[in-house]
Every structure is written in C-alpha cells, then in structure tokens.
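Raw input.txt, compact mmCIF, C-alpha atoms:
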```txt
# COMPACT_ATOMS: atom_id res chain seq x y z
CA LEU A 174 -25.90 -21.93 -39.93
CA LEU A 175 -22.82 -22.23 -37.72
CA ASN A 176 -23.24 -20.45 -34.39
CA ILE A 177 -20.02 -18.68 -33.34
CA ASN A 178 -19.57 -16.84 -30.03
CA VAL A 179 -16.58 -14.50 -30.14
CA GLY A 180 -15.88 -12.75 -26.84
CA GLY A 181 -19.58 -12.82 -25.86
CA LYS A 182 -20.99 -11.70 -29.25
CA LEU A 183 -22.92 -14.17 -31.40
CA PHE A 184 -22.33 -14.54 -35.14
CA GLN A 185 -24.04 -16.90 -37.57
CA ILE A 186 -22.39 -17.95 -40.83
CA ALA A 187 -23.64 -20.47 -43.37
CA TYR A 188 -21.72 -23.73 -43.66
CA LYS A 189 -21.51 -23.48 -47.44
CA VAL A 190 -19.89 -20.03 -47.15
CA LEU A 191 -17.26 -21.27 -44.72
CA ALA A 192 -16.57 -24.32 -46.90
CA GLN A 193 -15.30 -21.98 -49.65
CA TYR A 194 -12.25 -21.26 -47.46
CA PRO A 195 -11.20 -24.71 -46.19
CA ILE A 196 -7.73 -23.66 -44.96
CA THR A 197 -9.12 -21.10 -42.50
CA ARG A 198 -10.02 -21.99 -38.91
CA LEU A 199 -13.77 -21.59 -39.42
CA GLY A 200 -13.57 -23.38 -42.75
CA LYS A 201 -12.05 -26.40 -41.03
CA LEU A 202 -14.67 -26.14 -38.29
CA ALA A 203 -17.42 -26.33 -40.92
CA LEU A 204 -15.86 -29.25 -42.81
CA TYR A 205 -14.70 -31.46 -39.93
CA THR A 206 -17.05 -34.22 -38.84
CA ASP A 207 -15.01 -35.45 -35.91
CA PRO A 208 -16.20 -33.66 -32.71
CA VAL A 209 -12.76 -34.01 -31.12
CA LYS A 210 -11.08 -32.11 -33.99
CA LYS A 211 -13.76 -29.41 -33.81
CA LEU A 212 -13.12 -28.89 -30.10
CA GLN A 213 -9.40 -28.46 -30.86
CA LEU A 214 -10.23 -25.51 -33.11
CA CYS A 215 -12.26 -23.55 -30.52
CA ASP A 216 -11.88 -22.61 -26.87
CA ASP A 217 -15.20 -24.08 -25.71
CA TYR A 218 -18.50 -25.54 -26.94
CA LEU A 219 -21.93 -24.73 -25.50
CA VAL A 220 -24.10 -27.81 -26.01
CA GLN A 221 -27.40 -26.18 -25.04
CA LYS A 222 -27.06 -23.36 -27.60
CA ASN A 223 -24.91 -25.28 -30.10
CA GLU A 224 -22.33 -22.46 -30.03
CA TYR A 225 -18.60 -22.62 -30.59
CA PHE A 226 -16.89 -20.17 -28.25
CA PHE A 227 -13.71 -18.26 -29.14
CA ASP A 228 -11.98 -16.08 -26.58
CA ARG A 229 -10.86 -13.48 -29.10
CA ASP A 230 -11.46 -9.80 -29.82
CA PRO A 231 -15.04 -9.39 -31.16
CA SER A 232 -14.33 -5.93 -32.63
CA ILE A 233 -11.77 -7.32 -35.06
CA PHE A 234 -13.90 -10.39 -35.79
CA HIS A 235 -16.42 -8.06 -37.43
CA TYR A 236 -13.90 -7.71 -40.29
CA ILE A 237 -13.42 -11.50 -40.38
CA PHE A 238 -17.19 -11.93 -40.49
CA HIS A 239 -17.44 -9.43 -43.36
CA PHE A 240 -14.69 -11.29 -45.19
CA TYR A 241 -16.67 -14.55 -45.22
CA ARG A 242 -19.77 -12.72 -46.47
CA SER A 243 -18.09 -10.64 -49.20
CA GLY A 244 -14.74 -12.30 -49.88
CA VAL A 245 -12.89 -9.02 -49.18
CA LEU A 246 -10.90 -8.35 -46.03
CA TRP A 247 -11.31 -4.80 -44.73
CA VAL A 248 -8.29 -3.06 -43.28
CA MET A 249 -9.06 0.06 -41.25
CA ASP A 250 -6.50 2.74 -40.45
CA GLU A 251 -7.41 2.99 -36.78
CA MET A 252 -6.51 -0.64 -36.07
CA CYS A 253 -3.22 -1.63 -34.51
CA PRO A 254 -1.21 -3.47 -37.22
CA SER A 255 0.39 -5.94 -34.83
CA ASN A 256 -2.91 -6.84 -33.18
CA PHE A 257 -4.71 -7.16 -36.51
CA VAL A 258 -2.03 -9.42 -37.99
CA GLU A 259 -2.12 -11.58 -34.87
CA GLU A 260 -5.91 -11.94 -35.12
CA ILE A 261 -6.07 -12.80 -38.82
CA GLU A 262 -3.26 -15.32 -38.38
CA TYR A 263 -5.29 -16.96 -35.62
CA TRP A 264 -8.32 -17.23 -37.90
CA GLY A 265 -6.10 -18.50 -40.74
CA ILE A 266 -6.85 -15.63 -43.13
CA HIS A 267 -4.09 -14.18 -45.28
CA LEU A 268 -3.63 -10.47 -45.88
CA LYS A 269 -3.77 -11.11 -49.64
CA TYR A 270 -7.59 -11.20 -49.45
CA SER A 271 -7.59 -7.44 -48.79
CA GLN A 272 -7.67 -4.78 -51.48
CA ARG A 273 -4.28 -3.85 -52.91
CA CYS A 274 -4.55 -0.17 -51.94
CA CYS A 275 -5.49 -1.06 -48.34
CA ARG A 276 -2.78 -3.70 -48.18
CA ILE A 277 -0.06 -1.28 -49.30
CA LEU A 278 -1.08 1.34 -46.74
CA PHE A 279 -1.35 -1.31 -44.04
CA GLU A 280 2.11 -2.72 -44.76
CA GLU A 281 3.61 0.78 -44.74
CA LYS A 282 1.99 1.46 -41.38
CA ARG A 283 3.24 -1.86 -40.03
CA ASP A 284 6.78 -1.15 -41.23
CA GLU A 285 6.66 2.31 -39.60
CA LEU A 286 5.49 0.75 -36.34
CA ASN A 287 8.24 -1.89 -36.44
CA GLU A 288 10.84 0.80 -37.16
CA TYR A 289 9.50 2.92 -34.32
CA LEU A 290 9.65 0.00 -31.87
CA LYS A 291 13.17 -0.84 -33.05
CA ILE A 292 14.37 2.73 -32.48
CA GLU A 293 12.68 2.83 -29.06
CA LYS A 294 14.48 -0.37 -28.08
CA GLU A 295 17.83 0.96 -29.28
CA LEU A 296 17.25 4.24 -27.43
CA GLU A 297 16.60 2.35 -24.20
CA ALA A 298 19.75 0.29 -24.81
CA GLU A 299 21.69 3.53 -25.36
CA LEU A 300 20.90 4.66 -21.83
CA GLU A 301 20.95 1.24 -20.22
CA PRO A 302 24.25 0.72 -18.35
CA LEU A 303 26.44 -2.25 -19.23
CA GLU A 304 26.23 -3.46 -15.67
CA SER A 305 23.35 -3.64 -13.24
CA GLY A 306 23.30 -3.79 -9.49
CA ALA A 307 21.95 -7.34 -9.50
CA GLN A 308 25.03 -8.65 -11.36
CA PHE A 309 27.23 -8.10 -8.30
CA ASP A 310 25.19 -10.38 -6.04
CA GLY A 311 27.19 -13.40 -4.88
CA LYS A 312 30.46 -12.22 -6.43
CA PHE A 313 33.78 -11.45 -4.77
CA LEU A 314 33.51 -8.13 -2.92
CA GLY A 315 30.10 -7.69 -4.54
CA GLY A 316 28.93 -4.99 -2.14
CA PHE A 317 32.11 -2.92 -2.53
CA ARG A 318 32.16 -3.25 -6.31
CA LYS A 319 28.48 -2.30 -6.50
CA MET A 320 29.19 0.80 -4.43
CA VAL A 321 32.09 1.78 -6.72
CA TRP A 322 29.98 1.07 -9.80
CA ASN A 323 27.17 3.36 -8.58
CA LEU A 324 29.74 6.02 -7.76
CA ILE A 325 31.29 5.97 -11.25
CA GLU A 326 28.54 4.85 -13.62
CA ASN A 327 25.32 6.12 -12.04
CA PRO A 328 25.49 9.90 -11.44
CA TYR A 329 21.91 9.97 -10.16
CA SER A 330 22.53 7.40 -7.41
CA SER A 331 24.01 9.85 -4.89
CA VAL A 332 25.47 13.33 -4.44
CA PRO A 333 29.13 12.06 -4.50
CA ALA A 334 28.40 10.24 -7.78
CA LYS A 335 27.06 13.47 -9.28
CA ILE A 336 30.15 15.34 -8.06
CA ILE A 337 32.44 12.77 -9.69
CA ALA A 338 30.53 13.07 -12.98
CA VAL A 339 30.92 16.87 -12.89
CA MET A 340 34.61 16.53 -12.01
CA SER A 341 35.13 14.15 -14.92
CA SER A 342 33.71 16.69 -17.38
CA PHE A 343 35.70 19.47 -15.68
CA PHE A 344 39.01 17.61 -16.01
CA VAL A 345 38.26 16.83 -19.67
CA LEU A 346 37.81 20.55 -20.37
CA ILE A 347 40.93 21.43 -18.36
CA SER A 348 42.94 18.86 -20.31
CA ILE A 349 41.74 20.18 -23.68
CA VAL A 350 42.46 23.79 -22.63
CA GLY A 351 45.94 22.77 -21.44
CA MET A 352 46.71 21.00 -24.71
CA THR A 353 45.54 24.08 -26.61
CA LEU A 354 47.60 26.52 -24.55
CA SER A 355 50.71 24.36 -24.91
CA THR A 356 50.83 25.31 -28.60
CA VAL A 357 50.81 29.06 -27.86
CA GLU A 358 54.24 30.61 -28.41
CA GLU A 359 54.13 32.60 -25.15
CA MET A 360 53.54 29.38 -23.16
CA LYS A 361 56.55 27.53 -24.57
CA ASN A 362 58.96 28.98 -22.04
CA LYS A 363 60.25 27.00 -19.06
CA THR A 364 57.61 28.23 -16.62
CA GLY A 365 54.74 27.66 -19.05
CA LYS A 366 55.95 24.16 -19.86
CA MET A 367 56.19 23.32 -16.19
CA TRP A 368 52.61 24.44 -15.53
CA MET A 369 51.32 22.58 -18.54
CA GLU A 370 53.13 19.38 -17.50
CA GLN A 371 51.77 19.59 -13.97
CA MET A 372 48.25 20.17 -15.26
CA GLU A 373 48.59 17.23 -17.63
CA MET A 374 49.87 15.02 -14.82
CA ILE A 375 46.92 15.88 -12.56
CA CYS A 376 44.42 15.18 -15.36
CA ALA A 377 46.14 11.90 -16.25
CA ILE A 378 46.07 10.78 -12.60
CA PHE A 379 42.34 11.53 -12.36
CA PHE A 380 41.55 9.74 -15.65
CA THR A 381 43.65 6.75 -14.61
CA SER A 382 41.92 6.52 -11.24
CA GLU A 383 38.55 6.74 -12.95
CA TYR A 384 39.49 3.98 -15.42
CA VAL A 385 40.82 1.71 -12.67
CA MET A 386 37.64 2.21 -10.61
CA ARG A 387 35.54 1.26 -13.62
CA LEU A 388 37.71 -1.80 -14.21
CA ILE A 389 37.42 -2.88 -10.57
CA SER A 390 33.65 -2.41 -10.48
CA SER A 391 33.04 -4.26 -13.75
CA SER A 392 31.28 -7.60 -13.33
CA SER A 393 32.55 -8.86 -16.70
CA PHE A 394 36.06 -8.07 -17.95
CA LYS A 395 35.12 -9.02 -21.52
CA ASN A 396 32.13 -6.65 -21.61
CA PHE A 397 34.30 -3.94 -20.09
CA LEU A 398 36.85 -4.16 -22.91
CA ARG A 399 34.15 -4.26 -25.59
CA ALA A 400 32.42 -1.09 -24.36
CA ALA A 401 33.01 1.93 -26.60
CA PHE A 402 33.20 4.45 -23.74
CA ASN A 403 35.84 2.39 -21.93
CA ALA A 404 37.92 2.28 -25.12
CA ILE A 405 37.67 6.08 -25.28
CA ASP A 406 38.85 6.31 -21.66
CA LEU A 407 41.85 4.11 -22.47
CA VAL A 408 42.77 6.21 -25.50
CA ALA A 409 42.49 9.31 -23.31
CA ILE A 410 45.11 8.15 -20.77
CA LEU A 411 47.52 6.13 -22.92
CA PRO A 412 49.25 9.13 -24.61
CA PHE A 413 50.48 10.44 -21.25
CA TYR A 414 52.22 7.18 -20.31
CA ILE A 415 53.54 6.54 -23.82
CA GLN A 416 55.02 10.04 -23.82
CA ILE A 417 56.74 9.36 -20.48
CA LEU A 418 58.08 6.08 -21.86
CA PHE A 419 59.56 7.74 -24.95
CA GLU A 420 61.05 10.63 -23.01
CA ASN A 421 62.75 8.32 -20.51
CA LEU A 422 64.26 5.75 -22.83
CA ASP A 423 67.71 6.53 -21.47
CA ASP A 424 67.61 8.17 -18.06
CA GLY A 425 71.36 7.93 -17.59
CA ASP A 426 72.32 10.03 -20.54
CA MET A 427 71.04 13.58 -19.93
CA GLN A 428 73.06 14.99 -22.79
CA TYR A 429 71.24 12.67 -25.14
CA HIS A 430 67.95 14.07 -23.94
CA GLU A 431 69.10 17.63 -24.40
CA GLU A 432 70.09 16.86 -27.96
CA LEU A 433 66.81 15.03 -28.46
CA HIS A 434 64.76 18.05 -27.40
CA LYS A 435 66.77 20.30 -29.71
CA VAL A 436 66.00 18.20 -32.77
CA GLU A 437 62.51 17.17 -31.67
CA ASN A 438 60.80 18.88 -34.57
CA VAL A 439 62.80 17.00 -37.18
CA SER A 440 63.60 13.66 -35.56
CA LYS A 441 61.42 10.62 -35.98
CA LEU A 442 60.99 10.29 -32.23
CA GLY A 443 59.84 13.90 -32.01
CA LYS A 444 57.23 13.29 -34.72
CA VAL A 445 55.97 10.24 -32.84
CA LEU A 446 55.72 12.29 -29.65
CA LYS A 447 53.75 14.98 -31.45
CA LEU A 448 51.37 12.38 -32.80
CA ILE A 449 50.93 10.86 -29.35
CA LYS A 450 50.26 14.27 -27.82
CA LEU A 451 47.69 14.93 -30.53
CA MET A 452 45.80 11.81 -29.45
CA ARG A 453 44.83 13.66 -26.28
CA ILE A 454 42.20 15.46 -28.32
CA PHE A 455 40.13 12.26 -28.10
CA ARG A 456 39.53 13.08 -24.44
CA ILE A 457 36.76 15.39 -25.54
CA LEU A 458 34.79 12.25 -26.49
CA LYS A 459 34.60 11.47 -22.78
CA LEU A 460 32.00 14.21 -22.51
CA ALA A 461 29.58 11.96 -24.39
CA ARG A 462 29.34 9.71 -21.33
CA HIS A 463 27.39 12.39 -19.45
CA SER A 464 26.07 14.44 -22.39
CA THR A 465 22.63 13.62 -23.78
CA GLY A 466 23.20 15.89 -26.77
CA LEU A 467 26.36 14.08 -27.89
CA ARG A 468 24.66 10.73 -27.41
CA ALA A 469 21.71 11.91 -29.48
CA PHE A 470 24.07 13.12 -32.22
CA SER A 471 25.91 9.79 -32.28
CA PHE A 472 22.62 7.89 -32.32
CA THR A 473 21.33 10.08 -35.18
CA MET A 474 24.43 9.36 -37.25
CA ARG A 475 24.05 5.62 -36.69
CA GLN A 476 20.36 5.65 -37.59
CA CYS A 477 20.76 7.95 -40.62
CA TYR A 478 23.94 6.48 -42.09
CA GLN A 479 22.10 5.67 -45.32
CA GLN A 480 21.04 9.30 -45.79
CA VAL A 481 24.56 10.49 -44.93
CA CYS A 482 26.13 8.07 -47.41
CA CYS A 483 23.61 9.18 -50.03
CA LEU A 484 24.54 12.82 -49.37
CA LEU A 485 28.25 12.02 -49.75
CA LEU A 486 27.52 10.18 -52.99
CA PHE A 487 25.63 13.18 -54.39
CA ILE A 488 28.47 15.50 -53.37
CA ALA A 489 31.01 13.24 -55.09
CA MET A 490 28.90 13.15 -58.24
CA GLY A 491 28.56 16.95 -58.15
CA VAL A 492 32.29 17.43 -57.66
CA PHE A 493 33.16 15.24 -60.64
CA THR A 494 30.45 16.72 -62.87
CA PHE A 495 31.06 20.42 -62.22
CA SER A 496 34.86 20.06 -62.17
CA ALA A 497 34.64 18.55 -65.65
CA LEU A 498 32.32 21.33 -66.84
CA ILE A 499 34.45 24.16 -65.42
CA HIS A 500 37.60 22.64 -66.91
CA SER A 501 36.03 22.36 -70.34
CA VAL A 502 35.09 26.07 -70.43
CA GLU A 503 38.11 27.52 -68.58
CA HIS A 504 41.14 25.47 -69.61
CA ASP A 505 41.94 27.74 -72.60
CA VAL A 506 42.02 30.93 -70.50
CA PRO A 507 45.63 32.19 -70.02
CA GLY A 508 46.84 31.80 -66.42
CA THR A 509 43.81 29.78 -65.37
CA ASP A 510 43.89 27.58 -62.27
CA PHE A 511 41.67 24.97 -63.95
CA THR A 512 44.50 23.29 -65.83
CA SER A 513 43.02 19.82 -65.28
CA ILE A 514 39.90 18.20 -63.85
CA PRO A 515 41.67 17.09 -60.64
CA CYS A 516 42.78 20.71 -60.11
CA ALA A 517 39.12 21.76 -60.35
CA TRP A 518 37.98 19.28 -57.68
CA TRP A 519 38.81 21.70 -54.85
CA TRP A 520 36.83 24.52 -56.47
CA ALA A 521 33.84 22.22 -57.06
CA ALA A 522 33.89 20.93 -53.46
CA VAL A 523 34.10 24.45 -52.01
CA SER A 524 31.31 25.71 -54.29
CA LEU A 525 28.99 22.75 -53.60
CA SER A 526 29.38 23.26 -49.87
CA THR A 527 28.54 27.00 -50.43
CA VAL A 528 31.68 27.97 -48.47
CA GLY A 529 33.23 29.90 -51.34
CA TYR A 530 36.82 30.69 -50.33
CA GLY A 531 37.40 32.65 -53.52
CA ASP A 532 40.94 31.30 -53.95
CA THR A 533 39.96 29.85 -57.32
CA VAL A 534 37.37 31.60 -59.50
CA PRO A 535 36.27 31.31 -63.14
CA ASP A 536 37.11 34.17 -65.50
CA THR A 537 34.72 33.64 -68.41
CA ILE A 538 30.98 34.34 -68.48
CA LEU A 539 30.26 30.71 -69.30
CA GLY A 540 32.46 29.59 -66.38
CA ARG A 541 30.57 31.88 -64.01
CA LEU A 542 27.31 30.42 -65.28
CA VAL A 543 28.62 26.93 -64.46
CA ALA A 544 29.65 28.22 -61.04
CA PHE A 545 26.15 29.62 -60.43
CA VAL A 546 24.55 26.28 -61.32
CA CYS A 547 27.06 24.48 -59.09
CA ILE A 548 26.29 26.74 -56.11
CA SER A 549 22.53 26.43 -56.68
CA PHE A 550 22.83 22.66 -56.81
CA GLY A 551 24.85 22.73 -53.60
CA ILE A 552 22.17 24.76 -51.79
CA ILE A 553 19.44 22.30 -52.83
CA LEU A 554 21.65 19.30 -52.09
CA ASN A 555 22.58 20.45 -48.59
CA GLY A 556 19.07 21.63 -47.72
CA MET A 557 17.22 18.35 -48.21
CA PRO A 558 19.07 15.90 -45.91
CA ILE A 559 19.97 18.49 -43.26
CA SER A 560 16.31 19.07 -42.42
CA ILE A 561 15.77 15.30 -42.11
CA LEU A 562 18.82 14.89 -39.88
CA TYR A 563 17.83 17.84 -37.71
CA ASN A 564 14.28 16.55 -37.21
CA LYS A 565 15.55 13.10 -36.29
CA PHE A 566 18.15 14.58 -33.94
CA SER A 567 15.50 16.65 -32.17
CA ASP A 568 13.23 13.63 -31.86
CA TYR A 569 15.99 11.35 -30.54
CA TYR A 570 17.22 14.02 -28.12
CA ALA A 571 13.73 14.49 -26.67
CA LYS A 572 13.28 10.74 -26.29
CA LEU A 573 16.68 10.29 -24.65
CA LYS A 574 15.89 13.05 -22.17
CA ALA A 575 12.50 11.46 -21.46
CA HIS A 576 14.14 8.06 -20.88
CA GLU A 577 16.72 9.64 -18.58
CA MET A 578 14.04 11.37 -16.52
CA SER A 579 12.00 8.15 -16.27
CA GLN A 580 15.07 6.25 -15.07
```

Could you show the structure in this file as structure tokens?
Amino acid sequence: LLNINVGGKLFQIAYKVLAQYPITRLGKLALYTDPVKKLQLCDDYLVQKNEYFFDRDPSIFHYIFHFYRSGVLWVMDEMCPSNFVEEIEYWGIHLKYSQRCCRILFEEKRDELNEYLKIEKELEAELEPLESGAQFDGKFLGGFRKMVWNLIENPYSSVPAKIIAVMSSFFVLISIVGMTLSTVEEMKNKTGKMWMEQMEMICAIFFTSEYVMRLISSSSFKNFLRAAFNAIDLVAILPFYIQILFENLDDGDMQYHEELHKVENVSKLGKVLKLIKLMRIFRILKLARHSTGLRAFSFTMRQCYQQVCCLLLFIAMGVFTFSALIHSVEHDVPGTDFTSIPCAWWWAAVSLSTVGYGDTVPDTILGRLVAFVCISFGIILNGMPISILYNKFSDYYAKLKAHEMSQ
C-alpha cells in the first residue's frame, strides 16, 4: 500500500490500483523507482512513517480516492467548479472519468459561474473611471489636474463636485426644453427667438467649459478621445458652433442673411442648419454619465444583444409571413389596401407589435382570422424576451447601485 498524507489526513491505496492510471500524479508516484522523481511529485516525504505528503484540500481528495477505488469520478453539486477543476488537474485526472449526466451538469454550472464572473468584471469596469488619481503623480501640473479631475469625474469626492454633476444634468434638461420650445409657433417671434438663443448660448458655454476641463484633467489624450461619454459631450457642443459658422459665412452682407433666413426652409443651407440643430437632441445622452438607470439599460442591451437580434429576426419573419397571408386572402376585395405584399408590411408590423392603429384593416372573415392569429403571435413573441430583458435589467441595476455604494 502507498501511504498518502493529504492536508493531514492519511489515505492508503494499493500500488496495483494506482498503476492502472499511469498518467495521473499518483500513478506516476507508484510506478517511478527513482526517489528524486518521486520527491518532485509530492510536497514532502516522511521517512519514519513512509508517507508522501501533499499540501492539498483533503475534502476534495476523498473524490480522488474514490475514483482510484471505483474508476468513477464523483462530481457533487455543492463543490466550487473552479476549485474542483484546479484540484483534479493537479492530480492529473480528467473530467471524462465522471458520469455523463454529472459531467453535463458540472459543465453547465461552470459555464454559468464563468459568465457570472465575466458580467461582474464588466459591471465593475462600467463604473470604473477612465482615469485614477495615481495616474497624475509625477506629471505636469499633476496636483491641479487631479483636483480638476475629481471635480468633474468624481461627484462623490466633494460637495462642489456633486454640485457640478447636478448642474450638468440641469443644463442638459434646460437645453432639451429650449430646443423643444423653439419649435412652438408662439415662440417663433423675435422675443422668443432671442430668449431661446440666449438660453442655448449659456448651455453651450457650460458644456464647452465642462469638456475643456475634462480634456485638461485627462492623463491620456488618446484614452480621452476613445471614451464614449467624451464623444457624446463633443457631439453635444459641436452643433452650436457649426450653426454659428454657417450663419456667419458672410458678415459683411446683411441683405444676404436676410434673404437666407427668408428661404431657410427650402434652401440647402437651411436644411443643413435644421439637421445640425436636431443633433442637439443627443445632449440627453449626457444624463447617462450620472444616471445608474441609463447605464444599466445600456449594459443590458450590450449583454442581451443576441436575444434582441433574435427578437428582431422573429418579428421580420412574422411580418413577411402574415403580410403574405393577408395579401392572399384580401387582394381580390374591391378597394382593399392590401394590393401587394409590401403594402401589407405596415399592417403586419403594427399588428405584431399589438399597437393596432386601425388605418389598415381586413374586410373578409378569413382576413380577420389571419389578423387574430397575427396579433396572438405578436403577444407571445413580445412576452417571452421582454421578461428576460426586464429581469436582467433589474439584476444589473441592483449590482450597479451596489458597486456605486461600495465605491
């Protein structure tokens, strides 16, 4: 018998049993005759007791010991998959020696654990700032840049930083409200335009100052440009300056500008200006910088893109299928709107989404039956992934809040 001491517990296994598995660690220990090679396989050797000592977990070795006696590797549900795999790799035993049912469940559990750890790591990276205070040490104006960085990027560092974060969200809302009111007919007079322009100028000055402070406090210009939130900030302030550039192409010719404003709705330059003004709507994305809910929503969409793509695929299949069915049963009806399959796409999309505008409806009994099946399919289709997305969103939101509180 080979005397094995694992973490203080003694096990005895016959040499002939170990020799049946020569590629394992204990199999090699039983077959080797060179004492030097044997000592390389264990952590220590007790000469008085003739014991080979291994500084490993004795609780898991019970399953290794059972494997040598029965030839079957037990896999228990309560064991940590990572720890168990690490132990059996140390002893040189492959997972294939376990029963197929246990192996499948174990691999599923291990995949779930790896996915959980991956999501946890990504959640921590979601909240981790691009810069850290230690990166400013030894750099030009490191103390000043660190102070500015804490003021802009770390709302929990001080009361002024929290005030700036609240002001940033406030100016975003003011800007969106101003852009909305500028389209109201009563606000298009001279006084309304003047107030809207002044409000837009104040918001643009604040956003520009905020962007410049972030640029100054950045320890790496390359990382600053690659950051998604900084790109959003740039998109938020560029329309204001591009609009000023277009409106002041020729400062000397005031008559030209008067004519330009008269034909703004039909001229190419006016269309460009409208498009540039519309880009200000992206300022609302700035709220995600200080909003855990928006971050959780974005993270959920990134993690569940496969489910979302699958949902879109099912919707597309439903649209094509039911539009073809409704066209086949309704195209002979006089005055029907389903004159072709492409014309029926809108009806199928509206019915699958269970919105039901009622602008296009079937007239025949068979067409209404197709519509009922389409609506029922849409209810089932929308119900399945939405529950999954909502559960994941709730989970990610709770974890993000927990990470924020811990930080």

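Taking atom CA of Asn362 of chain A and atom CA of Ile378 of chain A as the two end points, the separation is 24.2 Å.
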
Exercise. May I have the residues within 7 Å of Ile552 of chain A as a PyMOL selection string, using all atoms listed in the file and disregarding those fewer than 4 positions away in the same chain?
Key: chain A and resi 527+548+556

Quiz item: So how many Å separate atom CA of Ser524 of chain A and atom CA of Leu539 of chain A, to one decimal?
Solution: 15.9 Å

Using all atoms listed in the file, which protein or nucleic acid residues come within 8 Å of Leu484 of chain A? Drop anything in the same chain fewer than 3 positions from it, and give the result as a short mmCIF file (atom, residue, chain, number, x, y, z; two decimals) with C-alpha atoms, in the coordinates of the input.
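Okay, result27.cif is ready:
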```
data_model
loop_
_atom_site.label_atom_id
_atom_site.label_comp_id
_atom_site.auth_asym_id
_atom_site.auth_seq_id
_atom_site.Cartn_x
_atom_site.Cartn_y
_atom_site.Cartn_z
CA GLN A 480 21.04 9.30 -45.79
CA VAL A 481 24.56 10.49 -44.93
CA PHE A 487 25.63 13.18 -54.39
CA ILE A 488 28.47 15.50 -53.37
CA LEU A 554 21.65 19.30 -52.09
CA ASN A 555 22.58 20.45 -48.59
CA PRO A 558 19.07 15.90 -45.91
#
```

Quiz item: atom CA of Phe402 of chain A to atom CA of Ile559 of chain A: how many Å, to one decimal?
Solution: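 Straight-line distance from atom CA of Phe402 of chain A to atom CA of Ile559 of chain A works out to 27.4 Å.
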
Quiz item: Can you list, as an MDAnalysis selection string, every protein, DNA or RNA residue that comes within 12 Å of Arg273 of chain A when you count only C-alpha atoms, leaving out same-chain residues fewer than 4 positions away?
Solution: chainID A and resid 245:248 268:269 277:280

Exercise. Determine the nearest neighbour of Val506 of chain A from the options A:Ala521, A:Met386, A:Ile538, A:Cys482, counting all atoms listed in the file.
Key: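 For Val506 of chain A, the nearest of the candidates is A:Ile538.
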